[in-house]
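Worksheet: one structure, shown below.
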Amino acid sequence: MHVRHLSMALAVPLLLAAGPYDIPLFATPKVPAASGSARLVFAQSPFGIAVTADGHAQYDVKITAAGLPAPSSLGAYKAYVAWATTPDLQRWDRLGSISNGTTTVGHVALNKFLLVITAESDSAAKAHVGPTVLHGTSPSGWLQSFLNHPMFRGITG
Amino acid sequence: MSARLLLLAVSLGIPLGVGSAQQKRDPMSGMDHMPGMKHDSAGMPIPMPKGMPMIPGLVGLVPPGGTFLPAAGVDLDKLPAAKPTQVVHVKDGDTLDLTAMLVRRTIRGLDFAMYGFNGEVPGPLIRVPQNATIIVRFHNRIDLPSAVHWHGVRLDNRSDGAVGVTQEAVAPGGSFVYRVHFPDAGVYWYHPHEREDVEQAMGLFGNVIVDSPIADYYGAANSEHALMLDDLLINGDTLVPFGREGPDFALMGRVGNVLLVNGEPNYTLRVRKGEVARLYLTNAASSRTYNLSFGGAAMKVVAGDQSRFEREELVPSVVLAPAERYVVDVRFARPGRYAIVNAVQAINHYKGEFEAEVDTLGHVIVDATPVKIDYGRAFSTMRANGAVTSEIDRYRKYFDKAPDKQLTLTLQTTGLPLATVQFMTIDTAYYAPVEWIDGMPDMNWLSTNKQVRWILRDDATGKENMNIDWHVARGSVVKLRIFNDPKSFHPMQHPIHLHGQRMLVIARDGVPTGNQVWKDTALIPVGSTVDLLIDASNPGDWMLHCHVAEHLGAGMMAVMHVDR
């Protein structure tokens, strides 16, 4: 049984149900009652799509969270802050502070990224230090490599 | 077999059969009208992205219906060499002859038999005062039926050039007279509206600049230049042939591998230090959306398809979907060489990764001699165009009304090669808002309008494409909501063009747009919902269609009747 392929087969319909700009957020054990989602909304632009000069799509991030406890209940924290980070975790872009309810923060202009919500001691925190409470993956993170797929090895077709 | 079952079979590694019954296997069977055609060094019938093989299940297939190259067999030496564009100044009441004809074009040292209007590529740049009416006598001297559409111009319906709606195609050797009225200042273009996938790609397009009587309609600039963007698909020493019975490359349109500005692969513009150059940009490509910049030179966008913006804006780059136009002012502050680049984040579907792709279209050479009049201060001032805002204010009361019409953009396929179906089914786990390049030219090439039907679907009636048949009253303001379905077999962006009217893009995904401009073509990214407000002021039968030439050829069109 090709477990990886089977998991992909099951995952794809779930993703399609979510939509191309939607990011389900998953709670960490720190906040088991929390939940959330995010939606990528194109930044304002005079053109049909907002992109940077090198072609990265530019989004505002609309985050909806529920069940987040008071940050202080997790330690010496006063705020929740949203970050966009590259999959290798080398680059972290601060998006803005959030709370329960819907907050629009931004911009993000990364091809693939993780959306991470952390508890921080300062709502203006410039670097992430505190614990992660919610996290998700940009829809572009679902891109698959097919280099070793049977189709390209001539097994099918 | 359903897509889901196919997906499961692929996931389990179950070997599946070869191509569909409709797909021919003989590699040369569809190419019998291409004397001298050579494959590239890798032996591929079409160029593949570097390092990417054709999918084994597609090797040897050709598009059903056969292929052809226009002007095949013509002696190249007897064709006139294509000339650069000439500016033709016309005034109210003038008559212009416009002849579609065969020309010889030399691109990267290779000669090709192609098309041009009046022997020029792009065709003559028609410069006309606002509110003028001219007579254009069109003569078809190419080997295919043709017509001329005056893109974006709110003219008399009979002169719209929409084959099958406002006129019959003009047969080779025939003529047609257009009476063209230009009510709006701006940059427009003309092109055939018959087999655009062939005729436009072969060079039949040209600009019209309509000059306002207002002296400072735009801000101050030292020079003006019209740049028509285009791309050409070349394999080895040959143009990649076209579908004989209808467009091939039907899935995402023909995306060229040689990018051209005004027909040249290495366009050069010479200016002086400090010069503000006004650039009239038009995307005449069949399918490619551009993200254009000028070596980091400061740039502001001042106008769009049919009007100035409410406010000028500094921009890092210009995004142009097919058929869109923008007017930008670019200031070259320092001497040197500025690359004109199209920079995008392309998807490598094989690796599942984004890859930066930068194509250099040409250069702007900035001389060290300062420009005589320095408009630097005017350039740095972002003008507010009160007249535009005042006019649009009359329409703002309609912005929040419920949509009058709603369309969903999708497609149906049948008989595509099985390998294409397999791959597409799993590859659409993620779909980019805009596909900037053709990452799958093998699958794309093998799809024709016999297998792919692109669809505009009226949500209210379920009617599709030419069965939609909308009627609206002249003078009405129509709110049209368009949703580009991301769950289709091949989600892709669509530049939707409405003939003969003007419209505003008032919201994208529920977010109001902030700086209005009158448009005739609007980009609808994958998964997006875009609200358009149509000023239905011009009576007649007007086409509404996708301006990806191959999508139009695969059915993605409707007619809106504006009743008198």
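Just so we're on the same page: first chain in the structure tokens is A, next is B, and so on; residues restart at 1 for each chain, and ligands are numbered from 1 in the order they show up.
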
Enumerate, as a PyMOL selection string, the complete set of residues in stretch 48-107 of chain A that a backbone-based DSSP assignment places in strand (DSSP E or B).
-> chain A and resi 51+57+59-66+79-85+92-98+101-107

Per-residue DSSP, stretch 7-116 of chain A, filtered to helix (DSSP H, G or I), as a PyMOL selection string | chain A and resi 7-18+71-74

Tell me, as a PyMOL selection string, which residues lie within 12 Å of stretch 44-46 of chain A, counting only C-alpha atoms; anything in the same chain fewer than 5 positions away does not count.
-> (chain A and resi 51-52+57-60+106-107) or (chain B and resi 300-305+308-320+326-328+504-509+511-519+522-523)

Find the residues around stretch 206-212 of chain B up to 8 Å (only C-alpha atoms counted), leave out those fewer than 5 positions away in its own chain, and share them as number ranges by chain.
-> B: 117, 121-130, 182, 184-191, 217, 226, 228, 282

Go ahead and write the selection's residues with C-alpha atoms as a compact mmCIF listing (two decimals), in the first residue's frame.
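Just written: again15.txt:
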```
# COMPACT_ATOMS: atom_id res chain seq x y z
CA PHE B 117 -1.44 45.30 -41.07
CA VAL B 121 4.12 44.78 -37.00
CA PRO B 122 2.51 46.08 -34.92
CA GLY B 123 0.14 47.69 -37.38
CA PRO B 124 -0.05 51.46 -37.88
CA LEU B 125 -0.37 53.45 -34.66
CA ILE B 126 -3.55 55.42 -35.29
CA ARG B 127 -3.52 58.75 -33.48
CA VAL B 128 -6.93 60.36 -33.47
CA PRO B 129 -8.61 63.22 -31.60
CA GLN B 130 -11.34 62.39 -29.10
CA PHE B 182 -13.84 57.44 -30.65
CA ASP B 184 -13.18 58.35 -25.00
CA ALA B 185 -9.56 59.45 -24.68
CA GLY B 186 -7.09 56.68 -23.96
CA VAL B 187 -5.18 53.83 -25.51
CA TYR B 188 -7.05 51.20 -27.52
CA TRP B 189 -6.11 48.49 -29.96
CA TYR B 190 -7.41 46.67 -32.99
CA HIS B 191 -7.11 43.00 -33.86
CA TYR B 217 -5.16 65.61 -19.63
CA ALA B 226 3.46 52.84 -27.45
CA MET B 228 2.69 46.35 -27.53
CA THR B 282 -0.93 46.96 -24.38
```

With a distance cut-off of 9 Å and only C-alpha atoms, select the neighbouring residues of stretch 266-281 of chain B, excluding the residue or stretch itself and same-chain residues fewer than 5 positions from it, and output the selection as a PyMOL selection string.
-> chain B and resi 186-187+209+220-229+259-261+320+324-336+340+360-376+379

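Between atom CA of B:Thr85 and atom CA of B:Asn262 the interatomic distance comes to 8.0 Å.
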
Contact residues around A:Ser97 with only C-alpha atoms at 6 Å, ignoring same-chain residues under 2 positions, as a tab-separated table (two decimals) with C-alpha atoms, in the first residue's frame:
```
chain	number	residue	atom	x	y	z
A	80	TYR	CA	-1.18	37.24	20.57
A	81	VAL	CA	0.85	38.08	17.48
A	82	ALA	CA	0.55	36.64	13.96
A	123	SER	CA	1.68	43.32	21.23
```

Identify, on the basis of only C-alpha atoms, every residue whose closest approach to B:Arg154 does not exceed 9 Å; exclude the query and any residue fewer than 3 positions from it along the same chain; express the result as a compact mmCIF listing (two decimals) with N, CA and C atoms, in the first residue's frame.
```
# COMPACT_ATOMS: atom_id res chain seq x y z
N TRP B 150 -12.40 46.68 -32.85
CA TRP B 150 -11.84 47.91 -32.28
C TRP B 150 -11.98 47.82 -30.77
N HIS B 151 -10.96 47.25 -30.15
CA HIS B 151 -11.04 46.81 -28.77
C HIS B 151 -11.15 48.00 -27.80
N ASN B 157 -22.39 49.66 -33.15
CA ASN B 157 -22.35 48.21 -33.07
C ASN B 157 -21.98 47.56 -34.41
N ASP B 160 -18.26 46.87 -34.94
CA ASP B 160 -17.51 46.26 -33.83
C ASP B 160 -16.57 45.16 -34.29
N VAL B 180 -15.69 54.21 -37.49
CA VAL B 180 -15.23 54.10 -36.11
C VAL B 180 -15.26 55.47 -35.44
N HIS B 181 -16.05 55.55 -34.38
CA HIS B 181 -16.16 56.78 -33.59
C HIS B 181 -15.42 56.56 -32.28
N PHE B 182 -14.67 57.56 -31.85
CA PHE B 182 -13.84 57.44 -30.65
C PHE B 182 -14.31 58.42 -29.58
N PRO B 183 -15.23 58.00 -28.70
CA PRO B 183 -15.79 58.93 -27.72
C PRO B 183 -14.92 59.15 -26.48
N ASP B 184 -13.94 58.28 -26.25
CA ASP B 184 -13.18 58.35 -25.00
C ASP B 184 -11.68 58.45 -25.28
N HIS B 499 -17.44 44.02 -24.98
CA HIS B 499 -17.35 44.92 -26.13
C HIS B 499 -18.25 46.14 -25.95
N GLY B 500 -17.83 47.25 -26.50
CA GLY B 500 -18.71 48.38 -26.77
C GLY B 500 -19.24 49.15 -25.58
N GLN B 501 -18.89 48.76 -24.36
CA GLN B 501 -19.37 49.46 -23.16
C GLN B 501 -18.15 49.84 -22.32
N ARG B 502 -18.41 50.36 -21.16
CA ARG B 502 -17.35 50.58 -20.17
C ARG B 502 -17.85 50.06 -18.83
N SER B 537 -24.57 51.85 -21.95
CA SER B 537 -25.05 53.07 -22.62
C SER B 537 -25.07 52.95 -24.13
N ASN B 538 -24.48 51.90 -24.66
CA ASN B 538 -24.27 51.82 -26.10
C ASN B 538 -25.13 50.70 -26.68
```

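The nearest approach to A:Thr104 among the residues A:Leu25, A:Ala125, A:Ala33, A:Leu40, with only C-alpha atoms taken into account, belongs to A:Leu40.
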
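Remark: for B:Asp541, the closest of the candidate residues B:Ala162, B:Ile524, B:Ile482, B:Leu409 is B:Ala162 (distances computed over only C-alpha atoms).
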
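Closest approach to chain B among A:Leu134, A:Val116, A:Val31, A:Ala53: A:Ala53, based on only C-alpha atoms.
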